[in-house]
Amino acid sequence: MKKVVIAVDSFKGTMSSIEVCTLIETGFKAVLPALETVKVPIADGGEGTVDAFLAALGGEKAKVHVKDPWFREIESFYGILPDHKTAVIEMAAASGLPLVEAEKNPCLTSTYGTGELILDALNRGCNKLIIGIGGSATNDGGIGMAAALGVKFLDEAGKPVSLNGEGLAQLRRIDLSEKDPRIDQCQILVACDVDNPLYGENGAAYVFAPQKGADRAMVEYLDQNLQNYAAVLQKELGLSVQEIAGAGAAGGLGAGLVAFTPAQLKPGIEIILDAVQFGAVITDADLIVTGEGKIDGQSLRGKVPVGIADRAKDSGVPVIAIVGDVGDGLEAIYQRGITAVFSTNRVAVPFSEARFRAKEDLVDTSASIARLLKIAGW
């Protein structure tokens, strides 16, 4: 009997990682009913990170009211693992892009709600935090998050700045005197889905702000503000953040977590694969199926499919990717160890229409792959 390990990220905007794994399994087993399948829902720090950890390790969700990116009160959540000391937090659950919909504006949105999630975890006695920082709607360098933990961000006159990307322009001083001391006693792993620097052409504003609603002028403005932020961190805290891989993740939240907490930034895919003991899972596998909503050159910077391929290199198990869309840079993806890439986009329609048939298309694409395997002797 052949064994397939299905380890896939969410298809953002359409399906969670758990749904994607299940639908791929459905397509494969429609053609190869005797196939052994092992589903490993994966997240790289973005949407679905909490669910992936709870599915792998057990635990429960904690519900809490926090501020969304526009400072409106919403019900959010995070995970508490069975040791009751480890919290798994998705910044997207409080400060994520799906929460703003048509109100995208990275100059004005804030990570304050993410800080509130961290504060609630501290109040429940957690002292180990795993924080996923993918999928943000923000570009505030994490000052909103830090402000929720008691840090004060001040202008030249000593007045508080706005806790958003716009506020970074006026930032001149940082006051740590009222920062919650419990945060410095925590072990904090930050799951980054990218390794971008804080500012510059590969930084938070230029690479990610356009998808958060920024036009060219706003991108340049936000990048200048992040440069000012870095200069203030250097002057006030003696900390240089620009060269830290992942500092630009989540609109600079990566930099903010390093600056104001004892956080270590690590590729999110590495954290979850360690947690599920992925090496042991694929030991006797014949095929690994991975994937994400879109695969392109950016996938090389810490995304799930390439992380899976890196882990599988020494096992000799082939890896294929099933994705919603394919962008440029595919040759580099193949060079990293992915054998083949299959798109579920079976009809040439825009995403706004394709999303409504995404589940059906995913099952059909998976079944087509299984038919190919069947004639190959599976």
# chains A, B, ... in the order shown; residues from 1 in each chain; ligands from 1
$ residues_around --residues "Gly113 (chain A)" --least-positions-apart "3" --cutoff "6 Å" --atoms "only C-alpha atoms" --output "PyMOL selection string"
chain A and resi 66-68+94+116
$ write_last_selection --atoms "all heavy atoms" --output "compact mmCIF listing (two decimals), in the first residue's frame"
# COMPACT_ATOMS: atom_id res chain seq x y z
N VAL A 66 -10.53 42.12 21.79
CA VAL A 66 -9.38 42.99 21.55
C VAL A 66 -9.77 44.04 20.52
O VAL A 66 -10.87 44.03 19.97
CB VAL A 66 -8.16 42.19 21.04
CG1 VAL A 66 -7.76 41.12 22.04
CG2 VAL A 66 -8.44 41.57 19.67
N LYS A 67 -8.82 44.93 20.23
CA LYS A 67 -9.03 45.94 19.20
C LYS A 67 -8.58 45.38 17.84
O LYS A 67 -7.53 44.75 17.73
CB LYS A 67 -8.23 47.20 19.52
CG LYS A 67 -8.61 47.86 20.84
CD LYS A 67 -10.05 48.36 20.81
CE LYS A 67 -10.36 49.22 22.03
NZ LYS A 67 -10.26 48.49 23.30
N ASP A 68 -9.39 45.65 16.82
CA ASP A 68 -8.99 45.26 15.47
C ASP A 68 -8.02 46.30 14.90
O ASP A 68 -7.64 47.25 15.62
CB ASP A 68 -10.23 45.05 14.59
CG ASP A 68 -10.87 46.34 14.08
OD1 ASP A 68 -10.44 47.45 14.49
OD2 ASP A 68 -11.81 46.25 13.27
N ALA A 94 -6.04 39.37 15.24
CA ALA A 94 -6.36 40.68 15.80
C ALA A 94 -6.03 41.82 14.85
O ALA A 94 -6.69 42.86 14.87
CB ALA A 94 -5.60 40.89 17.12
N GLU A 116 -2.71 43.04 22.83
CA GLU A 116 -3.75 42.65 23.80
C GLU A 116 -3.85 41.13 23.91
O GLU A 116 -4.11 40.60 25.00
CB GLU A 116 -5.08 43.25 23.40
CG GLU A 116 -5.14 44.77 23.55
CD GLU A 116 -6.50 45.32 23.18
OE1 GLU A 116 -6.93 45.12 22.02
OE2 GLU A 116 -7.14 45.96 24.03
$ closest_atom_pairs --of "region 172-224 of chain A" --to "region 134-137 of chain A" --cutoff "7 Å" --atoms "only C-alpha atoms" --output "JSON lines"
{"residue": "A:Cys192", "atom": "CA", "partner": "A:Gly134", "partner_atom": "CA", "distance": 6.6}
{"residue": "A:Asp193", "atom": "CA", "partner": "A:Gly134", "partner_atom": "CA", "distance": 6.0}
{"residue": "A:Lys212", "atom": "CA", "partner": "A:Ala137", "partner_atom": "CA", "distance": 5.7}
$ closest_atom_pairs --of "region 242-319 of chain A" --to "region 35-46 of chain A" --cutoff "10 Å" --atoms "only C-alpha atoms" --output "tab-separated table"
residue	atom	partner	partner_atom	distance
A:Ala250	CA	A:Gly46	CA	9.5
A:Lys266	CA	A:Gly45	CA	9.7
A:Pro267	CA	A:Asp44	CA	7.1
A:Gly268	CA	A:Asp44	CA	4.2
A:Ile269	CA	A:Asp44	CA	4.5
A:Glu270	CA	A:Asp44	CA	8.0
A:Ile271	CA	A:Asp44	CA	8.2
A:Ile272	CA	A:Ile42	CA	7.0
A:Leu273	CA	A:Ile42	CA	8.0
A:Val276	CA	A:Val40	CA	8.0
A:Phe278	CA	A:Val40	CA	8.7
A:Val281	CA	A:Val38	CA	8.2
A:Ile282	CA	A:Val38	CA	9.1
A:Ala285	CA	A:Thr37	CA	9.2
A:Asp286	CA	A:Glu36	CA	9.9
A:Leu287	CA	A:Thr37	CA	9.8
A:Ile288	CA	A:Val38	CA	9.6
A:Val289	CA	A:Lys39	CA	9.6
A:Thr290	CA	A:Ile42	CA	9.0
A:Gly291	CA	A:Ile42	CA	9.6
A:Glu292	CA	A:Ala43	CA	9.6
A:Gly302	CA	A:Asp44	CA	7.7
A:Lys303	CA	A:Asp44	CA	6.4
A:Val304	CA	A:Asp44	CA	6.1
A:Pro305	CA	A:Ile42	CA	9.8
A:Gly307	CA	A:Asp44	CA	9.1
A:Ile308	CA	A:Ile42	CA	9.6
$ write_last_selection --atoms "N, CA and C atoms" --output "compact mmCIF listing (two decimals), in the first residue's frame"
# COMPACT_ATOMS: atom_id res chain seq x y z
N ALA A 250 5.18 41.36 8.68
CA ALA A 250 3.99 41.95 9.29
C ALA A 250 4.13 43.46 9.47
N LYS A 266 12.09 33.08 13.77
CA LYS A 266 12.43 31.81 13.14
C LYS A 266 11.39 31.52 12.06
N PRO A 267 11.80 30.92 10.93
CA PRO A 267 10.79 30.59 9.92
C PRO A 267 9.65 29.78 10.53
N GLY A 268 8.42 30.25 10.29
CA GLY A 268 7.27 29.59 10.88
C GLY A 268 7.15 28.14 10.49
N ILE A 269 7.52 27.84 9.25
CA ILE A 269 7.44 26.47 8.79
C ILE A 269 8.35 25.56 9.60
N GLU A 270 9.51 26.07 10.02
CA GLU A 270 10.44 25.27 10.82
C GLU A 270 9.84 24.96 12.19
N ILE A 271 9.18 25.94 12.79
CA ILE A 271 8.59 25.75 14.11
C ILE A 271 7.51 24.68 14.08
N ILE A 272 6.60 24.74 13.09
CA ILE A 272 5.51 23.77 13.05
C ILE A 272 6.02 22.39 12.65
N LEU A 273 7.00 22.31 11.73
CA LEU A 273 7.51 20.99 11.34
C LEU A 273 8.24 20.32 12.50
N VAL A 276 5.46 18.91 14.89
CA VAL A 276 4.74 17.69 14.46
C VAL A 276 5.69 16.53 14.17
N PHE A 278 8.00 16.13 11.81
CA PHE A 278 7.75 15.84 10.40
C PHE A 278 8.69 14.78 9.84
N VAL A 281 7.23 11.49 10.45
CA VAL A 281 5.99 11.28 9.70
C VAL A 281 6.26 10.80 8.28
N ILE A 282 7.33 11.33 7.65
CA ILE A 282 7.57 11.00 6.24
C ILE A 282 8.54 9.84 6.04
N ALA A 285 7.01 7.30 3.75
CA ALA A 285 6.10 7.85 2.75
C ALA A 285 6.61 7.59 1.33
N ASP A 286 5.69 7.50 0.39
CA ASP A 286 6.03 7.36 -1.03
C ASP A 286 5.92 8.69 -1.77
N LEU A 287 5.15 9.62 -1.21
CA LEU A 287 4.95 10.92 -1.85
C LEU A 287 4.54 11.93 -0.79
N ILE A 288 5.02 13.16 -0.94
CA ILE A 288 4.58 14.27 -0.10
C ILE A 288 3.86 15.26 -0.99
N VAL A 289 2.66 15.64 -0.59
CA VAL A 289 1.91 16.67 -1.30
C VAL A 289 1.87 17.91 -0.43
N THR A 290 2.35 19.02 -0.96
CA THR A 290 2.30 20.29 -0.24
C THR A 290 1.59 21.31 -1.12
N GLY A 291 1.56 22.58 -0.68
CA GLY A 291 0.91 23.59 -1.49
C GLY A 291 0.55 24.83 -0.69
N GLU A 292 0.07 25.84 -1.42
CA GLU A 292 -0.39 27.10 -0.84
C GLU A 292 -1.25 27.80 -1.88
N GLY A 302 10.68 31.53 2.83
CA GLY A 302 10.13 31.00 4.07
C GLY A 302 8.73 30.44 3.98
N LYS A 303 8.19 30.29 2.77
CA LYS A 303 6.83 29.78 2.65
C LYS A 303 6.80 28.25 2.79
N VAL A 304 5.58 27.72 2.96
CA VAL A 304 5.40 26.32 3.30
C VAL A 304 5.97 25.34 2.27
N PRO A 305 5.64 25.44 0.97
CA PRO A 305 6.10 24.40 0.04
C PRO A 305 7.62 24.23 0.02
N GLY A 307 9.72 25.08 2.42
CA GLY A 307 10.12 24.54 3.72
C GLY A 307 9.92 23.04 3.79
N ILE A 308 8.81 22.56 3.23
CA ILE A 308 8.55 21.12 3.17
C ILE A 308 9.62 20.43 2.31
$ closest_atom_pairs --of "region 120-172 of chain A" --to "region 100-109 of chain A" --cutoff "12 Å" --atoms "only C-alpha atoms" --output "Markdown table"
| residue | atom | partner | partner_atom | distance |
| --- | --- | --- | --- | --- |
| A:Gly135 | CA | A:Val100 | CA | 11.6 |
| A:Ser136 | CA | A:Pro106 | CA | 9.5 |
| A:Ala137 | CA | A:Pro106 | CA | 6.4 |
| A:Thr138 | CA | A:Pro106 | CA | 5.0 |
| A:Asn139 | CA | A:Pro106 | CA | 5.3 |
| A:Asp140 | CA | A:Thr109 | CA | 7.5 |
| A:Gly141 | CA | A:Pro106 | CA | 10.8 |
| A:Gly142 | CA | A:Thr109 | CA | 10.9 |
| A:Ile143 | CA | A:Thr109 | CA | 11.1 |
| A:Gly144 | CA | A:Thr109 | CA | 9.1 |
| A:Met145 | CA | A:Thr109 | CA | 11.6 |
| A:Val161 | CA | A:Leu108 | CA | 11.9 |
| A:Ser162 | CA | A:Leu108 | CA | 8.4 |
| A:Leu163 | CA | A:Leu108 | CA | 8.1 |
| A:Asn164 | CA | A:Leu108 | CA | 5.3 |
| A:Gly165 | CA | A:Cys107 | CA | 4.4 |
| A:Glu166 | CA | A:Cys107 | CA | 4.8 |
| A:Gly167 | CA | A:Cys107 | CA | 8.1 |
| A:Leu168 | CA | A:Cys107 | CA | 9.4 |
| A:Ala169 | CA | A:Cys107 | CA | 10.3 |
$ write_last_selection --atoms "C-alpha atoms" --output "PDB file, in the first residue's frame"
ATOM      1  CA  GLY A 135      -1.167  38.080   7.092  1.00  0.00           C
ATOM      2  CA  SER A 136      -1.036  41.546   8.631  1.00  0.00           C
ATOM      3  CA  ALA A 137      -3.020  44.627   7.647  1.00  0.00           C
ATOM      4  CA  THR A 138      -0.464  46.896   9.297  1.00  0.00           C
ATOM      5  CA  ASN A 139       2.794  48.779   8.772  1.00  0.00           C
ATOM      6  CA  ASP A 140       3.366  50.230  12.234  1.00  0.00           C
ATOM      7  CA  GLY A 141       6.639  48.499  13.119  1.00  0.00           C
ATOM      8  CA  GLY A 142       4.888  46.797  16.032  1.00  0.00           C
ATOM      9  CA  ILE A 143       4.492  49.971  18.099  1.00  0.00           C
ATOM     10  CA  GLY A 144       0.791  49.234  18.587  1.00  0.00           C
ATOM     11  CA  MET A 145       1.641  45.791  19.967  1.00  0.00           C
ATOM     12  CA  VAL A 161       2.341  59.486  18.593  1.00  0.00           C
ATOM     13  CA  SER A 162      -0.397  57.666  16.727  1.00  0.00           C
ATOM     14  CA  LEU A 163       0.067  53.910  17.059  1.00  0.00           C
ATOM     15  CA  ASN A 164       0.198  53.239  13.329  1.00  0.00           C
ATOM     16  CA  GLY A 165       2.408  53.601  10.278  1.00  0.00           C
ATOM     17  CA  GLU A 166       1.735  57.310  10.099  1.00  0.00           C
ATOM     18  CA  GLY A 167       2.762  57.801  13.728  1.00  0.00           C
ATOM     19  CA  LEU A 168       6.271  56.498  13.023  1.00  0.00           C
ATOM     20  CA  ALA A 169       7.019  59.754  11.186  1.00  0.00           C
TER      21      ALA A 169
END
$ select_by_dssp --residues "region 247-357 of chain A" --states "strand (DSSP E or B)" --output "compact mmCIF listing (two decimals) with N, CA and C atoms, in the first residue's frame"
# COMPACT_ATOMS: atom_id res chain seq x y z
N ALA A 263 12.19 38.09 22.00
CA ALA A 263 11.76 37.21 20.92
C ALA A 263 12.91 36.75 20.04
N GLN A 264 12.77 35.54 19.54
CA GLN A 264 13.64 35.00 18.50
C GLN A 264 12.79 34.80 17.25
N LEU A 265 13.25 35.35 16.13
CA LEU A 265 12.54 35.17 14.87
C LEU A 265 13.03 33.89 14.20
N LYS A 266 12.09 33.08 13.77
CA LYS A 266 12.43 31.81 13.14
C LYS A 266 11.39 31.52 12.06
N PRO A 267 11.80 30.92 10.93
CA PRO A 267 10.79 30.59 9.92
C PRO A 267 9.65 29.78 10.53
N LEU A 287 5.15 9.62 -1.21
CA LEU A 287 4.95 10.92 -1.85
C LEU A 287 4.54 11.93 -0.79
N ILE A 288 5.02 13.16 -0.94
CA ILE A 288 4.58 14.27 -0.10
C ILE A 288 3.86 15.26 -0.99
N VAL A 289 2.66 15.64 -0.59
CA VAL A 289 1.91 16.67 -1.30
C VAL A 289 1.87 17.91 -0.43
N THR A 290 2.35 19.02 -0.96
CA THR A 290 2.30 20.29 -0.24
C THR A 290 1.59 21.31 -1.12
N LYS A 294 -0.78 30.58 -3.63
CA LYS A 294 -0.02 30.98 -4.82
C LYS A 294 1.44 30.67 -4.60
N ILE A 295 2.08 30.08 -5.60
CA ILE A 295 3.51 29.80 -5.50
C ILE A 295 4.24 30.67 -6.53
N VAL A 319 8.40 15.38 -3.71
CA VAL A 319 7.44 16.38 -3.24
C VAL A 319 6.78 17.04 -4.44
N ILE A 320 5.46 17.09 -4.43
CA ILE A 320 4.73 17.86 -5.43
C ILE A 320 3.92 18.93 -4.72
N ALA A 321 3.61 20.00 -5.44
CA ALA A 321 2.83 21.10 -4.86
C ALA A 321 1.54 21.29 -5.65
N ILE A 322 0.43 21.40 -4.93
CA ILE A 322 -0.86 21.76 -5.51
C ILE A 322 -1.18 23.17 -5.03
N VAL A 323 -1.35 24.08 -5.96
CA VAL A 323 -1.51 25.50 -5.61
C VAL A 323 -2.69 26.10 -6.36
N ASP A 325 -2.59 29.25 -7.68
CA ASP A 325 -2.07 30.04 -8.79
C ASP A 325 -0.55 29.91 -8.84
N VAL A 326 0.01 30.10 -10.02
CA VAL A 326 1.46 30.00 -10.22
C VAL A 326 1.98 31.33 -10.75
N ALA A 340 7.18 18.75 -9.04
CA ALA A 340 6.18 19.25 -9.99
C ALA A 340 5.19 20.16 -9.25
N VAL A 341 4.62 21.10 -10.00
CA VAL A 341 3.64 22.03 -9.46
C VAL A 341 2.37 21.93 -10.29
N PHE A 342 1.22 21.80 -9.62
CA PHE A 342 -0.07 21.69 -10.30
C PHE A 342 -0.98 22.81 -9.81
N SER A 343 -1.55 23.54 -10.74
CA SER A 343 -2.49 24.60 -10.38
C SER A 343 -3.91 24.08 -10.41
